[in-house]
Every structure is written in C-alpha cells, then in structure tokens.
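Listing of start12.tsv, TSV, C-alpha atoms
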chain	number	residue	atom	x	y	z
F	1	MET	CA	0.00	0.00	0.00
F	2	MET	CA	1.42	3.40	-0.97
F	3	ARG	CA	0.83	5.04	2.39
F	4	GLY	CA	2.47	2.21	4.34
F	5	ALA	CA	5.43	2.04	1.98
F	6	SER	CA	6.10	5.76	2.10
F	7	LEU	CA	5.71	6.05	5.86
F	8	LYS	CA	8.48	3.52	6.47
F	9	LEU	CA	11.24	5.92	5.35
F	10	ALA	CA	10.17	8.71	7.68
F	11	THR	CA	10.50	6.37	10.66
F	12	ARG	CA	14.09	5.32	9.97
F	13	LEU	CA	15.74	8.07	11.99
F	14	ALA	CA	18.41	6.82	14.39
F	15	PRO	CA	16.91	3.87	16.25
F	16	VAL	CA	18.80	4.47	19.46
F	17	LEU	CA	17.62	8.06	19.63
F	18	ALA	CA	14.07	6.92	19.00
F	19	LEU	CA	14.45	4.41	21.83
F	20	ALA	CA	15.60	7.15	24.18
F	21	ALA	CA	12.70	9.36	23.11
F	22	MET	CA	10.23	6.54	23.67
F	23	LEU	CA	11.52	6.01	27.19
F	24	CYS	CA	10.75	9.60	28.21
F	25	ALA	CA	7.51	9.80	30.17
F	26	SER	CA	6.55	13.10	28.44
F	27	ALA	CA	7.25	16.67	29.32
F	28	ALA	CA	6.21	19.67	31.37
F	29	GLN	CA	4.99	23.18	30.97
F	30	ALA	CA	5.81	25.47	28.08
F	31	GLY	CA	9.55	25.81	27.64
F	32	PRO	CA	11.63	28.66	26.20
F	33	PHE	CA	10.58	27.86	22.61
F	34	GLY	CA	6.86	28.47	22.94
F	35	GLY	CA	3.97	26.22	21.92
F	36	SER	CA	0.46	25.73	23.24
F	37	MET	CA	-0.34	23.46	26.17
F	38	SER	CA	-2.17	21.10	23.78
F	39	GLU	CA	0.96	20.24	21.77
F	40	SER	CA	4.26	18.65	22.68
F	41	ILE	CA	7.36	20.50	21.50
F	42	VAL	CA	10.73	18.84	20.97
F	43	ALA	CA	13.84	20.88	20.14
F	44	LYS	CA	16.01	19.16	17.53
F	45	ASP	CA	18.96	21.51	17.00
F	46	MET	CA	20.20	25.06	17.60
F	47	ASN	CA	22.85	27.14	15.81
F	48	PRO	CA	25.28	29.67	17.37
F	49	ALA	CA	22.85	32.54	16.66
F	50	GLY	CA	20.20	30.85	18.80
F	51	ASP	CA	17.98	29.87	15.86
F	52	THR	CA	16.29	26.65	16.89
F	53	VAL	CA	14.56	24.01	14.82
F	54	LEU	CA	11.74	22.15	16.56
F	55	GLU	CA	8.85	19.76	16.04
F	56	SER	CA	5.37	20.12	17.45
F	57	ILE	CA	3.47	16.88	18.02
F	58	THR	CA	-0.30	17.00	18.39
F	59	GLY	CA	-2.33	14.71	20.59
F	60	TYR	CA	-3.02	12.37	17.67
F	61	GLY	CA	0.65	12.12	16.70
F	62	ALA	CA	0.89	14.50	13.73
F	63	ARG	CA	4.25	16.28	13.48
F	64	GLN	CA	4.93	19.80	12.19
F	65	ALA	CA	8.47	21.17	11.86
F	66	PHE	CA	9.15	24.85	12.48
F	67	LEU	CA	11.99	27.29	12.98
F	68	ARG	CA	12.20	29.67	15.94
F	69	SER	CA	14.34	32.68	15.00
F	70	GLY	CA	14.44	36.24	16.33
F	71	GLY	CA	11.38	35.59	18.47
F	72	GLN	CA	9.34	34.54	15.43
F	73	ARG	CA	7.97	31.14	14.46
F	74	TYR	CA	8.42	30.06	10.83
F	75	ASN	CA	6.45	26.99	9.80
F	76	ILE	CA	8.50	24.80	7.48
F	77	GLY	CA	5.46	23.33	5.73
F	78	THR	CA	5.10	20.24	3.55
F	79	PHE	CA	5.06	19.19	-0.12
F	80	GLY	CA	1.29	18.83	-0.11
F	81	GLY	CA	0.98	16.29	2.69
F	82	GLU	CA	0.05	16.71	6.34
F	83	GLU	CA	3.33	16.33	8.24
F	84	SER	CA	6.96	17.39	8.39
F	85	THR	CA	9.93	16.55	10.60
F	86	ALA	CA	13.00	18.57	11.56
F	87	ALA	CA	16.52	17.22	11.99
F	88	ALA	CA	19.25	19.88	11.98
F	89	ILE	CA	20.18	23.51	11.34
F	90	ASN	CA	23.51	25.09	10.37
F	91	GLY	CA	25.02	28.46	11.25
F	92	ALA	CA	23.43	30.13	8.24
F	93	GLY	CA	19.96	29.09	9.39
F	94	VAL	CA	19.46	26.38	6.77
F	95	VAL	CA	17.34	23.49	8.05
F	96	THR	CA	16.96	19.92	6.87
F	97	GLY	CA	14.50	17.15	7.67
F	98	SER	CA	11.70	15.39	5.82
F	99	ALA	CA	8.29	16.59	4.61
F	100	GLN	CA	5.30	14.66	3.36
F	101	ALA	CA	3.92	14.93	-0.19
F	102	ALA	CA	0.29	14.60	-1.24
F	103	ASP	CA	0.89	10.95	-2.24
F	104	TYR	CA	2.17	10.18	1.29
F	105	THR	CA	5.78	9.85	0.21
F	106	TRP	CA	8.39	11.73	2.25
F	107	HIS	CA	11.11	13.94	0.81
F	108	ALA	CA	14.30	15.39	2.26
F	109	TYR	CA	14.40	19.18	2.15
F	110	ARG	CA	16.46	22.27	2.73
F	111	PHE	CA	14.67	25.27	4.23
F	112	ASP	CA	15.61	28.83	5.12
F	113	LYS	CA	13.63	31.97	5.82
F	114	ARG	CA	14.54	33.61	2.52
F	115	SER	CA	14.09	30.74	0.03
F	116	GLY	CA	11.47	28.68	1.84
F	117	LEU	CA	11.08	24.92	1.39
F	118	ARG	CA	13.05	23.14	-1.35
F	119	GLU	CA	12.88	19.45	-2.16
F	120	LEU	CA	15.86	17.10	-2.44
F	121	ASP	CA	16.00	14.14	-4.78
F	122	THR	CA	15.95	10.41	-4.00
F	123	LEU	CA	18.22	7.57	-5.15
F	124	GLY	CA	15.66	6.27	-7.58
F	125	GLY	CA	12.93	5.28	-5.13
F	126	ALA	CA	9.92	7.08	-3.71
F	127	SER	CA	11.18	8.82	-0.56
F	128	SER	CA	14.12	10.42	1.20
F	129	ALA	CA	14.93	12.06	4.56
F	130	GLY	CA	17.57	14.59	5.65
F	131	THR	CA	19.24	13.98	9.00
F	132	ALA	CA	22.20	16.40	9.27
F	133	ILE	CA	23.71	19.47	7.57
F	134	ASN	CA	27.11	21.15	7.71
F	135	GLU	CA	28.15	24.80	7.38
F	136	GLN	CA	28.54	24.45	3.59
F	137	GLY	CA	24.89	23.43	3.38
F	138	HIS	CA	25.72	19.84	2.44
F	139	ILE	CA	23.02	17.46	3.66
F	140	VAL	CA	23.16	13.78	4.59
F	141	GLY	CA	20.40	11.30	5.21
F	142	HIS	CA	18.90	8.23	3.58
F	143	ALA	CA	16.86	7.70	0.41
F	144	ASP	CA	14.98	4.91	-1.29
F	145	THR	CA	16.65	3.13	-4.21
F	146	TYR	CA	15.20	1.43	-7.29
F	147	ASP	CA	15.23	-2.02	-5.65
F	148	GLY	CA	13.22	-1.01	-2.57
F	149	SER	CA	16.14	-0.69	-0.16
F	150	TYR	CA	17.41	2.60	1.29
F	151	HIS	CA	20.95	3.98	1.25
F	152	ALA	CA	22.90	6.72	2.99
F	153	PHE	CA	23.54	9.79	0.86
F	154	ILE	CA	25.37	13.11	0.84
F	155	ASP	CA	23.78	15.95	-1.15
F	156	THR	CA	26.01	18.92	-2.04
F	157	GLY	CA	23.25	20.94	-3.69
F	158	ILE	CA	24.61	19.86	-7.08
F	159	THR	CA	24.56	16.08	-6.83
F	160	MET	CA	23.36	13.34	-4.48
F	161	LEU	CA	26.00	10.65	-3.83
F	162	ASP	CA	24.95	7.11	-2.84
F	163	LEU	CA	27.23	5.93	0.00
F	164	GLY	CA	26.20	2.28	-0.36
F	165	THR	CA	26.41	-0.53	2.23
F	166	PHE	CA	28.84	-3.18	3.47
F	167	GLY	CA	27.28	-5.83	1.23
F	168	GLY	CA	23.85	-5.77	2.85
F	169	LYS	CA	20.61	-4.06	1.85
F	170	ASN	CA	20.31	-0.79	3.75
F	171	SER	CA	22.30	2.10	5.19
F	172	TYR	CA	21.67	5.57	6.61
F	173	ALA	CA	23.78	8.64	7.42
F	174	LEU	CA	23.28	10.59	10.64
F	175	GLY	CA	26.13	13.08	10.91
F	176	ILE	CA	28.44	15.27	8.80
F	177	ASN	CA	31.23	17.68	9.75
F	178	ALA	CA	32.74	20.75	8.07
F	179	HIS	CA	35.06	18.57	5.99
F	180	ASP	CA	32.22	16.48	4.49
F	181	VAL	CA	33.16	13.47	6.61
F	182	VAL	CA	29.96	11.46	7.09
F	183	VAL	CA	28.96	8.90	9.73
F	184	GLY	CA	26.05	6.48	10.07
F	185	ALA	CA	25.35	2.76	9.84
F	186	ALA	CA	25.32	0.23	6.99
F	187	ASP	CA	24.28	-3.40	6.69
F	188	ARG	CA	26.72	-6.24	6.25
F	189	ALA	CA	25.74	-9.23	4.13
F	190	ASN	CA	25.25	-11.21	7.37
F	191	GLY	CA	22.53	-8.82	8.53
F	192	PHE	CA	24.49	-6.95	11.19
F	193	ARG	CA	24.32	-3.18	10.88
F	194	ARG	CA	27.69	-1.51	11.46
F	195	ALA	CA	28.83	2.03	12.28
F	196	PHE	CA	30.71	3.66	9.40
F	197	ILE	CA	32.79	6.71	8.65
F	198	TYR	CA	32.99	8.06	5.09
F	199	LYS	CA	35.78	10.38	3.92
F	200	PRO	CA	35.71	12.13	0.52
F	201	GLY	CA	38.28	10.64	-1.83
F	202	ILE	CA	38.87	7.68	0.49
F	203	GLY	CA	35.49	6.03	0.87
F	204	LYS	CA	33.57	4.28	3.63
F	205	ILE	CA	35.06	2.06	6.35
F	206	GLU	CA	33.67	0.30	9.40
F	207	ILE	CA	34.56	1.97	12.69
F	208	PRO	CA	36.87	-0.54	14.44
F	209	ASP	CA	36.59	-2.10	17.88
F	210	VAL	CA	32.83	-1.67	18.32
F	211	GLY	CA	32.13	-5.37	18.83
F	212	ASP	CA	30.84	-7.93	16.36
F	213	ARG	CA	27.15	-7.16	16.58
F	214	HIS	CA	25.16	-4.03	15.74
F	215	SER	CA	26.58	-0.51	16.01
F	216	VAL	CA	25.63	2.96	14.79
F	217	ALA	CA	27.59	6.24	14.54
F	218	MET	CA	25.38	9.16	15.51
F	219	ALA	CA	27.52	12.29	15.16
F	220	ILE	CA	30.99	13.64	14.26
F	221	ASN	CA	32.67	16.92	15.16
F	222	ASP	CA	34.98	19.02	12.99
F	223	ASN	CA	38.02	17.36	14.58
F	224	GLY	CA	36.86	13.98	13.29
F	225	VAL	CA	35.78	12.49	16.64
F	226	VAL	CA	32.79	10.17	16.22
F	227	VAL	CA	30.21	9.13	18.82
F	228	GLY	CA	27.60	6.41	18.67
F	229	THR	CA	26.29	3.24	20.24
F	230	MET	CA	27.33	-0.42	20.01
F	231	GLN	CA	25.62	-3.61	21.05
F	232	MET	CA	27.63	-5.81	23.40
F	233	GLN	CA	27.75	-9.60	23.48
F	234	ASP	CA	25.26	-9.64	26.37
F	235	ARG	CA	22.88	-7.58	24.13
F	236	SER	CA	23.28	-4.43	26.20
F	237	TRP	CA	24.06	-1.10	24.50
F	238	HIS	CA	27.13	1.02	25.22
F	239	ALA	CA	27.89	4.55	24.05
F	240	PHE	CA	31.29	4.91	22.37
F	241	SER	CA	33.65	7.51	20.92
F	242	TYR	CA	36.22	7.06	18.14
F	243	ASP	CA	39.00	9.57	17.39
F	244	GLY	CA	40.47	7.87	14.33
F	245	LEU	CA	42.98	5.90	16.39
F	246	ARG	CA	41.06	4.18	19.14
F	247	THR	CA	37.52	3.44	20.23
F	248	VAL	CA	36.56	4.26	23.82
F	249	ASP	CA	33.73	2.36	25.51
F	250	LEU	CA	31.84	5.09	27.37
F	251	GLY	CA	29.25	2.65	28.65
F	252	VAL	CA	31.65	1.00	31.10
F	253	MET	CA	31.99	4.35	32.90
F	254	MET	CA	28.31	4.38	33.87
F	255	SER	CA	27.99	1.43	36.29
F	256	ARG	CA	24.88	0.02	34.62
F	257	GLY	CA	22.15	0.70	32.09
F	258	ASN	CA	21.96	1.00	28.32
F	259	SER	CA	23.74	4.14	27.08
F	260	PHE	CA	23.27	5.97	23.78
F	261	ALA	CA	25.62	8.80	22.68
F	262	THR	CA	23.73	11.31	20.55
F	263	ALA	CA	26.02	14.32	20.03
F	264	ILE	CA	29.52	15.79	20.33
F	265	ASN	CA	30.65	19.41	20.03
F	266	ASN	CA	33.95	20.79	18.72
F	267	ASN	CA	35.35	20.89	22.26
F	268	GLY	CA	34.91	17.13	22.54
F	269	ASP	CA	32.01	17.28	25.01
F	270	ILE	CA	29.72	14.28	24.49
F	271	VAL	CA	26.08	13.93	25.55
F	272	GLY	CA	23.55	11.15	25.38
F	273	ASN	CA	21.08	9.17	27.41
F	274	VAL	CA	21.12	6.23	29.79
F	275	ARG	CA	18.19	3.92	30.36
F	276	VAL	CA	18.15	2.11	33.70
F	277	TRP	CA	15.50	-0.49	34.41
F	278	GLY	CA	13.01	0.62	37.03
F	279	ARG	CA	13.27	4.31	36.15
F	280	GLU	CA	10.52	5.79	34.00
F	281	ALA	CA	12.56	8.44	32.18
F	282	PRO	CA	16.11	8.16	30.83
F	283	LEU	CA	19.03	9.96	32.45
F	284	VAL	CA	21.33	12.37	30.65
F	285	PHE	CA	25.07	11.74	30.56
F	286	VAL	CA	27.81	14.28	29.86
F	287	TYR	CA	31.40	13.22	29.12
F	288	SER	CA	33.75	16.21	29.27
F	289	LYS	CA	37.53	16.49	29.76
F	290	GLY	CA	37.84	12.82	30.58
F	291	GLN	CA	35.13	12.90	33.26
F	292	MET	CA	31.82	11.06	33.03
F	293	GLN	CA	28.77	12.35	34.86
F	294	VAL	CA	25.25	10.95	34.76
F	295	ARG	CA	22.78	13.69	35.49
F	296	ASP	CA	19.14	14.48	36.06
F	297	ASN	CA	17.04	17.63	36.10
F	298	PHE	CA	14.03	16.23	37.92
F	299	GLY	CA	11.75	15.80	34.91
F	300	GLN	CA	12.59	19.12	33.30
F	301	PHE	CA	15.27	17.70	30.99
F	302	ASP	CA	15.39	14.03	30.02
F	303	LEU	CA	16.35	13.70	26.36
F	304	ALA	CA	19.71	15.03	25.10
F	305	ARG	CA	19.64	15.69	21.37
F	306	ARG	CA	22.56	18.08	20.65
F	307	ILE	CA	25.30	19.97	22.48
F	308	THR	CA	26.52	23.32	21.20
F	309	ASP	CA	30.13	24.50	21.35
F	310	ASP	CA	29.28	26.73	24.33
F	311	GLY	CA	27.88	23.75	26.26
F	312	GLN	CA	24.13	24.18	25.73
F	313	ILE	CA	22.30	20.85	25.58
F	314	ILE	CA	19.27	20.87	23.27
F	315	GLY	CA	16.48	18.36	23.76
F	316	ALA	CA	13.28	17.85	25.71
F	317	GLY	CA	11.91	17.35	29.17
F	318	ALA	CA	9.13	15.02	30.27
F	319	MET	CA	6.34	15.47	32.77
F	320	ALA	CA	2.54	15.40	32.81
F	321	ARG	CA	2.55	13.21	29.67
F	322	GLN	CA	3.74	15.91	27.30
F	323	MET	CA	7.10	16.61	25.67
F	324	ARG	CA	8.48	20.14	26.00
F	325	ALA	CA	11.49	21.58	24.25
F	326	ALA	CA	14.33	22.35	26.61
F	327	ARG	CA	17.74	24.00	26.57
F	328	VAL	CA	20.15	23.81	29.50
F	329	ALA	CA	23.86	24.32	30.10
F	330	HIS	CA	25.43	20.97	30.90
F	331	ASN	CA	26.92	22.31	34.15
F	332	GLN	CA	23.42	23.18	35.37
F	333	LEU	CA	22.18	19.61	35.32
F	334	GLU	CA	22.12	17.93	38.69
F	335	SER	CA	24.44	14.97	39.32
F	336	ILE	CA	22.63	12.00	40.84
F	337	GLY	CA	23.30	8.62	42.37
F	338	TRP	CA	22.42	5.38	40.63
F	339	PRO	CA	19.12	3.57	41.23
F	340	ALA	CA	19.05	0.16	42.86
F	341	PRO	CA	20.90	-2.64	41.03
F	342	VAL	CA	19.09	-4.41	38.22
F	343	ASP	CA	18.74	-8.17	38.42
F	344	MET	CA	20.14	-10.15	35.48
F	345	LEU	CA	16.73	-11.35	34.29
F	346	THR	CA	15.29	-7.87	33.79
F	347	TYR	CA	18.59	-6.60	32.40
F	348	GLY	CA	18.59	-9.38	29.83
F	349	LEU	CA	14.96	-8.66	28.97
F	350	LEU	CA	15.78	-4.98	28.41
F	351	ALA	CA	18.61	-5.92	26.07
F	352	LEU	CA	16.34	-8.25	24.09
F	353	LEU	CA	13.71	-5.53	23.84
F	354	ALA	CA	16.31	-3.06	22.59
F	355	THR	CA	17.35	-5.50	19.88
F	356	PHE	CA	13.70	-6.03	18.96
F	357	PHE	CA	13.09	-2.28	18.74
F	358	LEU	CA	16.11	-1.72	16.59
F	359	TYR	CA	15.58	-4.35	13.93
F	360	LYS	CA	12.11	-5.92	14.08
F	361	VAL	CA	9.52	-3.35	15.12
F	362	ARG	CA	9.45	-1.70	11.70
F	363	GLU	CA	7.41	-4.63	10.32
F	364	HIS	CA	4.73	-4.10	12.99
F	365	LEU	CA	4.37	-0.32	12.93
F	366	ARG	CA	0.91	1.18	12.84
F	367	GLU	CA	0.25	3.98	10.37
F	368	GLY	CA	-0.20	7.62	11.32
F	369	ILE	CA	1.71	7.59	14.62
F	370	ASP	CA	5.25	8.93	15.11
F	371	PHE	CA	8.10	6.46	15.57
F	372	SER	CA	8.56	6.86	19.31
F	373	LYS	CA	4.87	6.17	19.97
F	374	ARG	CA	4.97	3.13	17.71
F	375	LEU	CA	7.85	1.75	19.73
F	376	MET	CA	5.83	2.26	22.89
F	377	LEU	CA	2.90	0.39	21.40
F	378	SER	CA	5.18	-2.52	20.50
F	379	ILE	CA	5.93	-3.14	24.19
F	380	ALA	CA	2.30	-3.58	25.12
Using structure tokens, write down the structure that the file contains.
Amino acid sequence: MMRGASLKLATRLAPVLALAAMLCASAAQAGPFGGSMSESIVAKDMNPAGDTVLESITGYGARQAFLRSGGQRYNIGTFGGEESTAAAINGAGVVTGSAQAADYTWHAYRFDKRSGLRELDTLGGASSAGTAINEQGHIVGHADTYDGSYHAFIDTGITMLDLGTFGGKNSYALGINAHDVVVGAADRANGFRRAFIYKPGIGKIEIPDVGDRHSVAMAINDNGVVVGTMQMQDRSWHAFSYDGLRTVDLGVMMSRGNSFATAINNNGDIVGNVRVWGREAPLVFVYSKGQMQVRDNFGQFDLARRITDDGQIIGAGAMARQMRAARVAHNQLESIGWPAPVDMLTYGLLALLATFFLYKVREHLREGIDFSKRLMLSIA
C-alpha cells in the first residue's frame, strides 16, 4: 500500500535516539521555545545565533516542523501532505529534515527563511529524509533506491552521492562535519548493521573495535571524533567515541544501564542518554575532559539531542505526559546517584527488547503515529 510504503522511510531516523525518546515519560509546561499546552514541542537543533529548529506533536501524533528565529515562528510546511519533521540547522539558518507529499511519500528538504522549502532528490525510489547538515549546506540522510532498499547519501546541492552498504541491503547517514566526513550505519551481508565513517576521496570504512554485533555512529565533530552506540555480546548497549585511532567504551563508565551517545561538540564534550530499568525516564550523561557524569534535572530535561560548542544541551523534558522543548547548560544539570541494582533477568529482557526495537519493530508499525509512539505500542 502506498501510504504504508512511504511512511516507512520517515520512521528510519536513528533507532537508538528513538528508543531514548520513547523512554521519556513526556514533558512539562511550556519551555523557552513556545507552543500551546495542547501540543508537545521537541527541540532538535540550535545554531550559534540561537535559531532553533523544533517539532510540534499533536495529541493524535501529527508532526509539524518549524523554525524559531528572532522571536518569530516560521512553519516549514510540507510538499502537499500533512506532516513534516526537523533534523538539523547550520550556522546560516538552513534546516533539513523530511516533509510529506500529497501521495504520502516523504522527501528530504532544505529550508531557510529567505528561500522557503526546497525538495531534495531520492536515489531512484519514492522517498528520502535529511538527517544532518554542515556549514557548507551539504546534507546527509537516507533515500529509497530502485530495488526497494534505502541507502545513505550526501547531497552537495549539485549532486546526491549514494554511500552504499557493506554488502547488505540498507544504510543511513546521521552526521556530517565541516570537511564532508559522514557517519552512520550500513548493513553487512550477514545482517548486522555496522557504524561507518565516510571520507571524501577515500570512501567508507567500518569503525573498528565496536564489537561484532550491531553498532551505529550518531555524530561527528569538525576534529573527526565520532560518537555512537554499540551492542555488546550480552545484548546491552554502550555509548562509544572514536578519534580515528582508538575506540573508547563510554558505557563501562556508567555502572549500569543501556547508554546511547547522541552528540559531540567541537570541544569534545559528548552527551547522550542512559536507560536504567526501574526508572521511568532516561538519564542524561555528559562526558567532558575525561570525566563522566550521569545527570538528572528532575523531569525538566530528560532527552539530550545536541550539544553546542558553548555547552548548551538541546532536547526535551518530560512530565505530565507531554514533551516540552528544553535547553540547558550541561553544568546546570544535577548529578545524581544510581538507582538500585538491576537483576540479570530484567537486564537481559531490556537488552532483548532493545534488539527487537532496533531491527524488528518496523514490520509491525501502525500507520499515522510517530516512531517513538509506535515503539511504545510494540511493548504492550
């Protein structure tokens, strides 16, 4: 069915981030980015000028992307459909994400206040989605191909380059730096999805020392340091960083829980989320100057999405069953102690659920609901 086929691409955004979003309870009163009490607002990215790209989510799950700049709200719009998503913004105020067309396909876009909404191409299939953008305005994401799979791409505004796979069917790109170095995940022929780094003129390689199971690279800074998440042999998830020489397991610094690195700034500060069984909302972790801290802000900030070079964490808080956009300096989050230990049975169950979310839930998704809510439904 056309609607079902086209919706699948829009729900392929980083699985570990979607898992973290799903585990938020939902957020509090109106935050600094505005929005009515009837809609949830999630901040996706912010540039040095303070321009912020956000998504509003209505009670029935419809998403609308918009830009908050100079105290004004600019709706990004669609290509004739009902919904749009936001992913990233660069210093010039150019936004990328995905917007729905009248035929229910989704298309990657670039948007700015002057030129409005402009559509990107695909790789021969029906749909595409933008996930990150650099200062040159080059966009990465994933797009459908002729054979029904989807591949990572980089779009320079002149051409869209297919970054391929590691012999498997699918791949997606999630981060790009100022030097057009791209990171994401690509399938092997054996079905395992592996974190990759792509360098212009060199090509794509697997990031080493991230285990033999699934892994995904989420972001890269201008110094070439990559962060992401890898699945361990016991099926737990550990955040990692890779500087081109060695891979560091950040998860072992956090005592327990599944950890997911989501962003890194040019100072090397890393943020992400930790899910500990028995706690309703995820915790936020900050790794800075060799020190790991797991932090909480008592329901006001639960989901870390980005970290700016001046240390502002962009994301959302959860309370009263609504998401609210949030922005907080990482040194203002409260350090906390760890919850009670998790028994091995529940820990193993959590790991199995995470694997299920990441690779199987897509076949059971229900139409018309955003990805994080679909994941929640899959638990029930």
Report task. Determine, counting all atoms listed in the file, which protein, DNA and RNA residues have an atom within 7 Å of an atom of range 231-245 of chain F; residues of the same chain fewer than 4 positions away are not included. Present the result as a ChimeraX atom specification. Result -> /F:211,213-215,224-227,249-251,258-261,351-352
Preceding selection exported with C-alpha atoms as a PDB file, in the coordinates of the input:
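Written output follows (selection38.pdb):
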ATOM      1  CA  GLY F 211      32.130  -5.370  18.830  1.00  0.00           C
ATOM      2  CA  ARG F 213      27.150  -7.160  16.580  1.00  0.00           C
ATOM      3  CA  HIS F 214      25.160  -4.030  15.740  1.00  0.00           C
ATOM      4  CA  SER F 215      26.580  -0.510  16.010  1.00  0.00           C
ATOM      5  CA  GLY F 224      36.860  13.980  13.290  1.00  0.00           C
ATOM      6  CA  VAL F 225      35.780  12.490  16.640  1.00  0.00           C
ATOM      7  CA  VAL F 226      32.790  10.170  16.220  1.00  0.00           C
ATOM      8  CA  VAL F 227      30.210   9.130  18.820  1.00  0.00           C
ATOM      9  CA  ASP F 249      33.730   2.360  25.510  1.00  0.00           C
ATOM     10  CA  LEU F 250      31.840   5.090  27.370  1.00  0.00           C
ATOM     11  CA  GLY F 251      29.250   2.650  28.650  1.00  0.00           C
ATOM     12  CA  ASN F 258      21.960   1.000  28.320  1.00  0.00           C
ATOM     13  CA  SER F 259      23.740   4.140  27.080  1.00  0.00           C
ATOM     14  CA  PHE F 260      23.270   5.970  23.780  1.00  0.00           C
ATOM     15  CA  ALA F 261      25.620   8.800  22.680  1.00  0.00           C
ATOM     16  CA  ALA F 351      18.610  -5.920  26.070  1.00  0.00           C
ATOM     17  CA  LEU F 352      16.340  -8.250  24.090  1.00  0.00           C
TER      18      LEU F 352
END
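Take CA of Val274 in chain F and CA of His142 in chain F: the distance between them is 26.4 Å.
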Query raised in the report: Using all atoms listed in the file, what residues lie at most 8 Å away from (29.3, 6.2, 35.0) (file coordinates), given as a list in words?
Result: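 Those within range, by chain then number, are Gly251, Val252, Met253, Met254, Ser255, Arg256, Met292, Gln293 and Val294 of chain F.
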Report summary line: Residue with the minimum atom-to-atom distance to Val284 in chain F, picked from F:Thr262, F:Asn47, F:Thr145, F:Ser40 with only C-alpha atoms counted, is F:Thr262
Query raised in the report: Which value, in Å to one decimal, gives the distance between CA of Met230 in chain F and CA of Ile207 in chain F?
Result: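 So the two atoms, CA of Met230 in chain F and CA of Ile207 in chain F, lie 10.6 Å apart.
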Report task. Do a neighbour search on range 75-86 of chain F at 8 Å with all atoms listed in the file, toss out local chain neighbours closer than 6 positions, and write the hits as number ranges by chain. Result -> F: 44, 53-55, 62-67, 95-104, 111, 116-117
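Straight-line separation from CA of His151 in chain F to CA of Ala185 in chain F: 9.7 Å.
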Query - Selection: 7 Å around range 305-311 of chain F, only C-alpha atoms, excl. self and same-chain fewer than 4 positions, as a list in words - result: Lys44, Asp45, Thr262, Ala263, Ile264, Asn265, Asn266, Asn267, Val271, Gly315, Ala329 and His330 of chain F
Requested in this report: Between F:Ile270, F:Ile197, F:Ala304, F:Leu174, single out the one closest to Pro282 in chain F, counting all atoms listed in the file.
Outcome: F:Ala304
Requested in this report: Find the residue from F:Leu163, F:Ala219, F:Ile41, F:Ile154 that sits nearest to Asp180 in chain F; use all atoms listed in the file when measuring.
Outcome: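 Looking only at the distances to Asp180 in chain F, the closest residue turns out to be F:Ile154.
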Requested in this report: For Gly167 in chain F, please output as a list in words all residues within 12 Å (counting all atoms listed in the file; exclusion window: fewer than 6 positions along the same chain).
Outcome: His151, Ala186, Asp187, Arg188, Ala189, Asn190, Gly191, Phe192, Arg193 and Arg194 of chain F
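The closest residue to Gly290 in chain F, picked from F:Asp269, F:Tyr150, F:Trp277, F:Lys204 and counting all atoms listed in the file, is F:Asp269.
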Query - Who sits within 12 Å of Arg110 in chain F, only C-alpha atoms, same chain under 3 positions skipped, as a PyMOL selection string - result: chain F and resi 76-78+85-90+92-99+107+113-121+129-134+137-141+155-157
Save range 228-245 of chain F from what I just supplied, as a PDB file, in the first residue's frame, atoms limited to N, CA and C atoms.
ATOM      1  N   GLY F 228      28.702   7.275  19.070  1.00  0.00           N
ATOM      2  CA  GLY F 228      27.597   6.412  18.669  1.00  0.00           C
ATOM      3  C   GLY F 228      27.300   5.398  19.737  1.00  0.00           C
ATOM      4  N   THR F 229      26.730   4.284  19.321  1.00  0.00           N
ATOM      5  CA  THR F 229      26.294   3.235  20.243  1.00  0.00           C
ATOM      6  C   THR F 229      26.581   1.876  19.635  1.00  0.00           C
ATOM      7  N   MET F 230      27.030   0.935  20.473  1.00  0.00           N
ATOM      8  CA  MET F 230      27.331  -0.416  20.009  1.00  0.00           C
ATOM      9  C   MET F 230      26.645  -1.431  20.902  1.00  0.00           C
ATOM     10  N   GLN F 231      26.261  -2.540  20.292  1.00  0.00           N
ATOM     11  CA  GLN F 231      25.620  -3.611  21.047  1.00  0.00           C
ATOM     12  C   GLN F 231      26.689  -4.595  21.518  1.00  0.00           C
ATOM     13  N   MET F 232      26.650  -4.915  22.804  1.00  0.00           N
ATOM     14  CA  MET F 232      27.633  -5.807  23.397  1.00  0.00           C
ATOM     15  C   MET F 232      27.192  -7.267  23.243  1.00  0.00           C
ATOM     16  N   GLN F 233      28.080  -8.187  23.584  1.00  0.00           N
ATOM     17  CA  GLN F 233      27.750  -9.605  23.475  1.00  0.00           C
ATOM     18  C   GLN F 233      26.573 -10.013  24.355  1.00  0.00           C
ATOM     19  N   ASP F 234      26.386  -9.317  25.488  1.00  0.00           N
ATOM     20  CA  ASP F 234      25.258  -9.638  26.368  1.00  0.00           C
ATOM     21  C   ASP F 234      23.981  -8.925  25.949  1.00  0.00           C
ATOM     22  N   ARG F 235      24.016  -8.286  24.745  1.00  0.00           N
ATOM     23  CA  ARG F 235      22.883  -7.582  24.132  1.00  0.00           C
ATOM     24  C   ARG F 235      22.595  -6.234  24.778  1.00  0.00           C
ATOM     25  N   SER F 236      23.431  -5.786  25.690  1.00  0.00           N
ATOM     26  CA  SER F 236      23.283  -4.427  26.203  1.00  0.00           C
ATOM     27  C   SER F 236      23.863  -3.448  25.191  1.00  0.00           C
ATOM     28  N   TRP F 237      23.584  -2.154  25.408  1.00  0.00           N
ATOM     29  CA  TRP F 237      24.058  -1.100  24.502  1.00  0.00           C
ATOM     30  C   TRP F 237      24.999  -0.174  25.250  1.00  0.00           C
ATOM     31  N   HIS F 238      26.146   0.125  24.620  1.00  0.00           N
ATOM     32  CA  HIS F 238      27.127   1.022  25.217  1.00  0.00           C
ATOM     33  C   HIS F 238      27.424   2.180  24.272  1.00  0.00           C
ATOM     34  N   ALA F 239      27.416   3.398  24.807  1.00  0.00           N
ATOM     35  CA  ALA F 239      27.890   4.547  24.045  1.00  0.00           C
ATOM     36  C   ALA F 239      29.385   4.399  23.798  1.00  0.00           C
ATOM     37  N   PHE F 240      29.851   4.942  22.660  1.00  0.00           N
ATOM     38  CA  PHE F 240      31.290   4.907  22.372  1.00  0.00           C
ATOM     39  C   PHE F 240      31.726   6.203  21.712  1.00  0.00           C
ATOM     40  N   SER F 241      33.050   6.440  21.719  1.00  0.00           N
ATOM     41  CA  SER F 241      33.655   7.511  20.923  1.00  0.00           C
ATOM     42  C   SER F 241      34.830   6.928  20.156  1.00  0.00           C
ATOM     43  N   TYR F 242      35.129   7.529  18.998  1.00  0.00           N
ATOM     44  CA  TYR F 242      36.224   7.064  18.142  1.00  0.00           C
ATOM     45  C   TYR F 242      36.926   8.274  17.573  1.00  0.00           C
ATOM     46  N   ASP F 243      38.250   8.388  17.816  1.00  0.00           N
ATOM     47  CA  ASP F 243      39.000   9.566  17.390  1.00  0.00           C
ATOM     48  C   ASP F 243      39.873   9.323  16.167  1.00  0.00           C
ATOM     49  N   GLY F 244      39.660   8.209  15.483  1.00  0.00           N
ATOM     50  CA  GLY F 244      40.468   7.867  14.330  1.00  0.00           C
ATOM     51  C   GLY F 244      41.595   6.922  14.653  1.00  0.00           C
ATOM     52  N   LEU F 245      41.915   6.806  15.941  1.00  0.00           N
ATOM     53  CA  LEU F 245      42.979   5.904  16.386  1.00  0.00           C
ATOM     54  C   LEU F 245      42.465   4.816  17.308  1.00  0.00           C
TER      55      LEU F 245
END
